[in-house]
file coords39.cif (mmCIF, C-alpha atoms)
data_model
#
loop_
_atom_site.label_atom_id
_atom_site.label_comp_id
_atom_site.auth_asym_id
_atom_site.auth_seq_id
_atom_site.Cartn_x
_atom_site.Cartn_y
_atom_site.Cartn_z
CA MET A 1 -27.36 8.76 -65.93
CA GLU A 2 -28.62 5.58 -64.31
CA LEU A 3 -26.76 2.29 -64.59
CA LYS A 4 -27.88 -0.29 -67.15
CA LEU A 5 -28.05 -3.50 -65.16
CA ASN A 6 -28.85 -7.09 -66.02
CA ARG A 7 -28.50 -8.09 -62.38
CA PRO A 8 -28.11 -6.20 -59.09
CA ILE A 9 -24.82 -4.52 -58.27
CA CYS A 10 -23.52 -3.86 -54.76
CA PHE A 11 -21.30 -0.87 -54.14
CA PHE A 12 -19.44 -1.42 -50.90
CA ASP A 13 -16.64 -0.02 -48.77
CA LEU A 14 -14.69 -1.38 -45.83
CA GLU A 15 -13.01 0.29 -42.91
CA THR A 16 -10.41 -2.03 -41.43
CA THR A 17 -7.71 -2.57 -38.84
CA GLY A 18 -5.06 -2.21 -41.55
CA VAL A 19 -4.15 -3.02 -45.14
CA ASP A 20 -2.89 -6.61 -44.86
CA VAL A 21 -5.53 -8.70 -46.65
CA ALA A 22 -4.52 -11.93 -44.91
CA LYS A 23 -4.23 -10.57 -41.37
CA ASP A 24 -6.38 -7.47 -40.94
CA ARG A 25 -10.09 -7.38 -40.14
CA ILE A 26 -13.17 -5.36 -41.00
CA VAL A 27 -14.43 -2.79 -38.46
CA GLU A 28 -17.16 -1.30 -40.66
CA ILE A 29 -18.84 -2.34 -43.89
CA SER A 30 -21.39 -0.43 -45.89
CA ILE A 31 -23.28 -1.89 -48.88
CA PHE A 32 -25.43 0.04 -51.32
CA LYS A 33 -27.39 -2.31 -53.61
CA VAL A 34 -28.89 -1.15 -56.89
CA TYR A 35 -31.41 -3.35 -58.73
CA PRO A 36 -32.08 -3.45 -62.50
CA ASN A 37 -35.53 -1.95 -61.92
CA GLY A 38 -34.01 1.06 -60.18
CA ASN A 39 -34.81 0.01 -56.61
CA LYS A 40 -32.06 0.61 -54.07
CA GLU A 41 -31.26 -0.51 -50.54
CA SER A 42 -28.36 0.15 -48.21
CA LYS A 43 -27.00 -1.25 -44.99
CA THR A 44 -24.05 -0.38 -42.77
CA TRP A 45 -22.62 -2.55 -40.01
CA LEU A 46 -20.04 -1.81 -37.34
CA VAL A 47 -17.98 -4.93 -36.71
CA ASN A 48 -15.97 -6.10 -33.72
CA PRO A 49 -12.68 -7.21 -35.31
CA GLU A 50 -11.77 -9.28 -32.25
CA MET A 51 -8.36 -7.64 -32.28
CA LYS A 52 -6.98 -4.27 -31.24
CA ILE A 53 -7.49 -1.49 -33.77
CA PRO A 54 -4.12 0.21 -34.35
CA PHE A 55 -3.98 3.89 -33.47
CA LEU A 56 -2.94 4.85 -37.01
CA SER A 57 -6.00 3.07 -38.43
CA THR A 58 -8.28 4.83 -35.96
CA GLN A 59 -6.79 8.14 -37.09
CA VAL A 60 -7.94 7.33 -40.64
CA HIS A 61 -11.53 6.18 -40.01
CA GLY A 62 -12.24 7.34 -36.46
CA ILE A 63 -13.36 3.90 -35.23
CA THR A 64 -11.96 2.97 -31.82
CA ASP A 65 -11.86 -0.27 -29.84
CA GLU A 66 -14.52 1.18 -27.54
CA LYS A 67 -16.85 1.99 -30.43
CA VAL A 68 -16.97 -1.62 -31.62
CA ALA A 69 -16.59 -3.38 -28.26
CA ASN A 70 -20.29 -4.33 -28.13
CA GLU A 71 -20.74 -4.88 -31.86
CA PRO A 72 -21.03 -8.40 -33.34
CA PRO A 73 -17.97 -10.08 -34.85
CA PHE A 74 -17.92 -10.60 -38.61
CA LYS A 75 -18.87 -14.27 -38.34
CA GLU A 76 -22.23 -13.33 -36.80
CA LEU A 77 -22.89 -10.85 -39.62
CA SER A 78 -21.55 -12.98 -42.46
CA GLY A 79 -24.94 -14.51 -43.31
CA GLN A 80 -26.64 -11.12 -43.66
CA ILE A 81 -23.76 -9.69 -45.66
CA TYR A 82 -23.54 -12.66 -48.02
CA ASN A 83 -27.30 -12.72 -48.56
CA MET A 84 -27.12 -9.10 -49.66
CA ILE A 85 -24.34 -9.63 -52.21
CA LYS A 86 -24.80 -13.24 -53.35
CA ASP A 87 -26.89 -12.40 -56.45
CA SER A 88 -24.94 -9.28 -57.36
CA ASP A 89 -21.96 -7.90 -59.19
CA LEU A 90 -19.63 -5.86 -56.98
CA ALA A 91 -18.25 -2.34 -57.24
CA GLY A 92 -16.07 -0.13 -55.11
CA PHE A 93 -13.14 2.28 -55.02
CA ASN A 94 -9.89 0.26 -55.11
CA SER A 95 -12.14 -2.74 -54.53
CA ASP A 96 -10.34 -5.17 -56.85
CA ARG A 97 -7.05 -4.78 -55.01
CA PHE A 98 -8.29 -4.40 -51.44
CA ASP A 99 -11.98 -4.49 -50.50
CA ILE A 100 -12.99 -7.62 -52.42
CA PRO A 101 -9.90 -9.64 -51.39
CA LEU A 102 -10.34 -8.70 -47.72
CA LEU A 103 -14.09 -9.35 -47.77
CA ALA A 104 -13.41 -12.75 -49.35
CA GLU A 105 -10.97 -13.58 -46.54
CA GLU A 106 -13.50 -12.63 -43.87
CA LEU A 107 -16.27 -14.67 -45.53
CA LEU A 108 -14.04 -17.73 -45.93
CA ARG A 109 -12.96 -17.49 -42.28
CA ALA A 110 -16.66 -17.40 -41.38
CA GLY A 111 -17.29 -20.59 -43.38
CA VAL A 112 -18.98 -18.88 -46.36
CA ASP A 113 -17.73 -20.34 -49.66
CA PHE A 114 -17.44 -17.03 -51.49
CA ASP A 115 -16.04 -16.66 -55.01
CA MET A 116 -16.35 -14.43 -58.07
CA LYS A 117 -17.12 -17.11 -60.66
CA ASN A 118 -20.59 -15.91 -61.61
CA ARG A 119 -20.17 -12.19 -61.07
CA VAL A 120 -18.06 -9.29 -62.28
CA SER A 121 -16.47 -6.43 -60.41
CA VAL A 122 -16.14 -2.78 -61.35
CA ASP A 123 -13.34 -0.81 -59.72
CA VAL A 124 -14.33 2.85 -59.94
CA GLN A 125 -10.85 3.91 -58.83
CA THR A 126 -9.33 2.28 -61.91
CA ILE A 127 -11.65 4.23 -64.21
CA PHE A 128 -10.69 7.38 -62.35
CA HIS A 129 -6.95 6.65 -62.42
CA LYS A 130 -7.01 5.79 -66.11
CA MET A 131 -8.86 9.00 -66.85
CA GLU A 132 -7.73 11.54 -64.23
CA GLU A 133 -5.27 10.14 -61.61
CA ARG A 134 -6.76 11.47 -58.34
CA THR A 135 -8.14 10.37 -54.92
CA LEU A 136 -11.73 9.57 -53.88
CA SER A 137 -12.36 13.05 -52.43
CA ALA A 138 -10.88 14.68 -55.52
CA ALA A 139 -12.90 12.35 -57.74
CA PHE A 140 -16.12 13.34 -56.00
CA LYS A 141 -15.23 17.02 -56.39
CA PHE A 142 -14.14 16.57 -60.01
CA TYR A 143 -17.04 14.45 -61.25
CA CYS A 144 -19.89 15.53 -58.99
CA GLY A 145 -18.89 19.09 -58.11
CA GLN A 146 -19.27 18.43 -54.40
CA SER A 147 -17.01 18.16 -51.38
CA LEU A 148 -16.94 14.75 -49.76
CA GLU A 149 -18.13 15.18 -46.17
CA ASN A 150 -17.14 12.49 -43.64
CA ALA A 151 -14.46 10.99 -45.87
CA HIS A 152 -13.27 7.60 -44.56
CA SER A 153 -16.75 6.87 -43.27
CA ALA A 154 -17.70 3.64 -45.04
CA GLU A 155 -21.22 4.89 -45.78
CA ALA A 156 -20.09 8.26 -47.16
CA ASP A 157 -17.36 6.65 -49.28
CA THR A 158 -19.80 4.05 -50.62
CA MET A 159 -22.41 6.59 -51.66
CA ALA A 160 -19.74 8.83 -53.21
CA THR A 161 -18.40 5.89 -55.24
CA TYR A 162 -21.89 5.19 -56.63
CA GLU A 163 -22.36 8.82 -57.64
CA ILE A 164 -18.89 8.99 -59.19
CA LEU A 165 -19.51 5.96 -61.42
CA LYS A 166 -22.72 7.49 -62.76
CA ALA A 167 -20.91 10.77 -63.41
CA GLN A 168 -18.04 8.95 -65.14
CA LEU A 169 -20.51 7.32 -67.52
CA GLU A 170 -21.93 10.75 -68.29
CA ARG A 171 -18.48 12.27 -68.87
CA TYR A 172 -16.86 9.50 -70.93
CA PRO A 173 -19.08 8.37 -73.82
CA GLU A 174 -16.46 5.75 -74.72
CA LEU A 175 -17.34 3.89 -71.51
CA GLU A 176 -20.14 1.40 -72.08
CA ASN A 177 -22.93 1.42 -69.49
CA ASP A 178 -22.64 -2.31 -68.96
CA MET A 179 -21.17 -3.99 -65.89
CA LYS A 180 -19.26 -6.68 -67.81
CA SER A 181 -17.65 -4.05 -70.05
CA LEU A 182 -16.81 -1.83 -67.08
CA SER A 183 -15.36 -4.83 -65.26
CA GLU A 184 -13.06 -5.57 -68.19
CA PHE A 185 -12.03 -1.91 -68.35
CA THR A 186 -11.20 -1.78 -64.63
CA THR A 187 -9.33 -5.09 -64.49
CA ARG A 188 -5.66 -4.23 -64.05
CA LYS A 189 -4.27 -7.69 -64.70
CA LYS A 190 -5.53 -11.20 -65.28
CA SER A 191 -5.32 -12.94 -61.91
CA VAL A 192 -7.07 -16.04 -60.65
CA ASP A 193 -6.94 -15.21 -56.96
CA PHE A 194 -7.81 -11.80 -55.57
CA ALA A 195 -4.32 -11.14 -54.19
CA GLY A 196 -2.65 -11.75 -57.55
CA PHE A 197 -0.32 -14.59 -56.53
CA ILE A 198 -1.76 -16.76 -59.32
CA ALA A 199 -2.20 -15.09 -62.70
CA LEU A 200 -3.10 -16.10 -66.25
CA ASN A 201 -0.63 -16.12 -69.13
CA ASP A 202 -1.49 -15.18 -72.71
CA LYS A 203 -2.88 -18.68 -73.27
CA GLY A 204 -5.21 -18.44 -70.27
CA GLU A 205 -3.14 -20.90 -68.21
CA GLU A 206 -2.53 -20.41 -64.48
CA ILE A 207 0.99 -19.29 -63.58
CA PHE A 208 2.65 -18.16 -60.37
CA SER A 209 3.28 -14.42 -60.33
CA PHE A 210 5.81 -14.30 -57.48
CA GLY A 211 8.89 -15.98 -56.05
CA LYS A 212 11.21 -18.51 -57.60
CA HIS A 213 8.45 -19.95 -59.81
CA LYS A 214 7.28 -16.59 -61.18
CA GLY A 215 5.90 -17.11 -64.68
CA VAL A 216 5.89 -20.90 -64.38
CA LEU A 217 2.72 -22.95 -64.92
CA VAL A 218 1.08 -23.82 -61.61
CA GLU A 219 0.34 -27.37 -62.76
CA LYS A 220 3.99 -27.85 -63.74
CA VAL A 221 5.19 -26.71 -60.31
CA LEU A 222 2.66 -28.90 -58.50
CA GLU A 223 3.83 -31.91 -60.49
CA GLU A 224 7.58 -31.31 -60.27
CA GLU A 225 7.71 -29.83 -56.76
CA PRO A 226 4.68 -31.11 -54.79
CA GLY A 227 6.08 -29.71 -51.55
CA TYR A 228 5.51 -26.19 -52.84
CA PHE A 229 1.75 -26.73 -52.45
CA GLY A 230 2.20 -27.68 -48.79
CA TRP A 231 4.45 -24.71 -48.17
CA ILE A 232 1.85 -22.26 -49.50
CA GLN A 233 -0.96 -23.95 -47.55
CA ASN A 234 1.00 -23.64 -44.31
CA ALA A 235 2.40 -20.17 -44.95
CA ASP A 236 0.74 -16.81 -44.38
CA PHE A 237 -1.03 -16.56 -47.76
CA PRO A 238 -4.64 -15.39 -48.14
CA LEU A 239 -7.25 -18.12 -47.70
CA TYR A 240 -8.67 -17.45 -51.15
CA THR A 241 -5.26 -18.01 -52.74
CA LYS A 242 -5.03 -21.34 -50.94
CA LYS A 243 -8.54 -22.22 -52.09
CA VAL A 244 -7.69 -21.48 -55.73
CA LEU A 245 -4.47 -23.48 -55.53
CA THR A 246 -6.34 -26.43 -54.02
CA ALA A 247 -8.91 -26.29 -56.83
CA ILE A 248 -6.13 -26.38 -59.45
CA LYS A 249 -4.52 -29.34 -57.72
CA LEU A 250 -7.84 -31.23 -57.53
CA ARG A 251 -8.58 -30.45 -61.17
CA LYS A 252 -5.20 -31.83 -62.21
CA LEU A 253 -5.79 -34.96 -60.12
CA ASN A 254 -9.25 -35.49 -61.60
CA ASN A 255 -7.84 -35.08 -65.12
CA LYS A 256 -5.34 -37.84 -64.39
CA LEU A 257 -8.11 -40.16 -63.16
CA THR A 258 -10.33 -39.64 -66.22
#
call {"tool": "encode", "arguments": {"input": "coords39.cif", "output": "structure tokens"}}
result
Amino acid sequence: MELKLNRPICFFDLETTGVDVAKDRIVEISIFKVYPNGNKESKTWLVNPEMKIPFLSTQVHGITDEKVANEPPFKELSGQIYNMIKDSDLAGFNSDRFDIPLLAEELLRAGVDFDMKNRVSVDVQTIFHKMEERTLSAAFKFYCGQSLENAHSAEADTMATYEILKAQLERYPELENDMKSLSEFTTRKKSVDFAGFIALNDKGEEIFSFGKHKGVLVEKVLEEEPGYFGWIQNADFPLYTKKVLTAIKLRKLNNKLT
């Protein structure tokens, strides 16, 4: 089964220095782009993270400091990467919780004003977990009947994720072959920022989802405790979270002026 697309979709996978979205960096990124007319293109980049790759991370993906020493840093690649994904929806395996948030951080650090406003995301892992509760290698074996060679290679994981989604659509007739529908199915919770620090309540209003103001309207906190905004901006929160919070503050200010 081929995907029914109204716009391109980019399957992508990251190999990184670790799992901290705010602090860790990309060491490899692979993107597989599928167009509505069936055309496909792929690209894989090794990236110099400009920091030491922890030994435990190297054990997972096999990428050493020496392997990326002469590769370009992400900032030099950011234009090529953004140009490939800017007109596309995004898909990956655990992408909503990790790959998209970390990619957003890297793009924002590089000066690229990335957001998800005009695109949707499909997390293939969520479909898998809702249906079968397994890992990527097991998913590939289960859905595609093949063993995943070179697991934890960004390119191999990306291609496997693409094949798994197509097989999932074949297996589960209740899944609609439509990216917006799949995005809604794979969304675990309604959050405004990728990291989930700012969520939406049942009325569609922004609320904090952590700390002493958990469940409280963001606008209410900004009005009653303006110093909380400064604390978040100066603390070790993801850049995208800070961007979203700034946008809410500016919106509230503009509403007061009009």
call {"tool": "residues_around", "arguments": {"input": "coords39.cif", "residues": "Lys166 (chain A)", "least_positions_apart": "6", "cutoff": "8 Å", "atoms": "all atoms listed in the file", "output": "ChimeraX atom specification"}}
result
/A:1-3
call {"tool": "closest_residue", "arguments": {"input": "coords39.cif", "among": "A:Glu15, A:Glu76, A:Asp96, A:Glu106", "to": "Thr64 (chain A)", "atoms": "all atoms listed in the file"}}
result
A:Glu15
call {"tool": "resolve_selection", "arguments": {"input": "coords39.cif", "expression": "the PyMOL selection byres ((chain A and resi 203-211) around 12)", "output": "count of residues only"}}
result
34
call {"tool": "closest_residue", "arguments": {"input": "coords39.cif", "among": "A:Met179, A:Ala160, A:Val120, A:Leu103", "to": "Phe32 (chain A)", "atoms": "all atoms listed in the file"}}
result
A:Ala160
call {"tool": "residues_around", "arguments": {"input": "coords39.cif", "residues": "Lys130 (chain A)", "least_positions_apart": "4", "cutoff": "9 Å", "atoms": "only C-alpha atoms", "output": "MDAnalysis selection string"}}
result
chainID A and resid 125:126 186
call {"tool": "resolve_selection", "arguments": {"input": "coords39.cif", "expression": "the PyMOL selection byres ((chain A and resi 111) around 12)", "output": "PDB file with C-alpha atoms, keeping the file's coordinate frame"}}
result
ATOM      1  CA  PHE A  74     -17.920 -10.600 -38.610  1.00  0.00           C
ATOM      2  CA  LYS A  75     -18.870 -14.270 -38.340  1.00  0.00           C
ATOM      3  CA  GLU A  76     -22.230 -13.330 -36.800  1.00  0.00           C
ATOM      4  CA  LEU A  77     -22.890 -10.850 -39.620  1.00  0.00           C
ATOM      5  CA  SER A  78     -21.550 -12.980 -42.460  1.00  0.00           C
ATOM      6  CA  GLY A  79     -24.940 -14.510 -43.310  1.00  0.00           C
ATOM      7  CA  TYR A  82     -23.540 -12.660 -48.020  1.00  0.00           C
ATOM      8  CA  ALA A 104     -13.410 -12.750 -49.350  1.00  0.00           C
ATOM      9  CA  GLU A 105     -10.970 -13.580 -46.540  1.00  0.00           C
ATOM     10  CA  GLU A 106     -13.500 -12.630 -43.870  1.00  0.00           C
ATOM     11  CA  LEU A 107     -16.270 -14.670 -45.530  1.00  0.00           C
ATOM     12  CA  LEU A 108     -14.040 -17.730 -45.930  1.00  0.00           C
ATOM     13  CA  ARG A 109     -12.960 -17.490 -42.280  1.00  0.00           C
ATOM     14  CA  ALA A 110     -16.660 -17.400 -41.380  1.00  0.00           C
ATOM     15  CA  VAL A 112     -18.980 -18.880 -46.360  1.00  0.00           C
ATOM     16  CA  ASP A 113     -17.730 -20.340 -49.660  1.00  0.00           C
ATOM     17  CA  PHE A 114     -17.440 -17.030 -51.490  1.00  0.00           C
ATOM     18  CA  LEU A 239      -7.250 -18.120 -47.700  1.00  0.00           C
TER      19      LEU A 239
END
call {"tool": "atom_distance", "arguments": {"input": "coords39.cif", "atom1": "CA of Leu102 (chain A)", "atom2": "CA of Ile26 (chain A)"}}
result
8.0 Å
call {"tool": "resolve_selection", "arguments": {"input": "coords39.cif", "expression": "the PyMOL selection byres ((chain A and resi 180) around 12)", "output": "number ranges by chain"}}
result
A: 4-7, 9, 89-91, 118-123, 175-179, 181-187
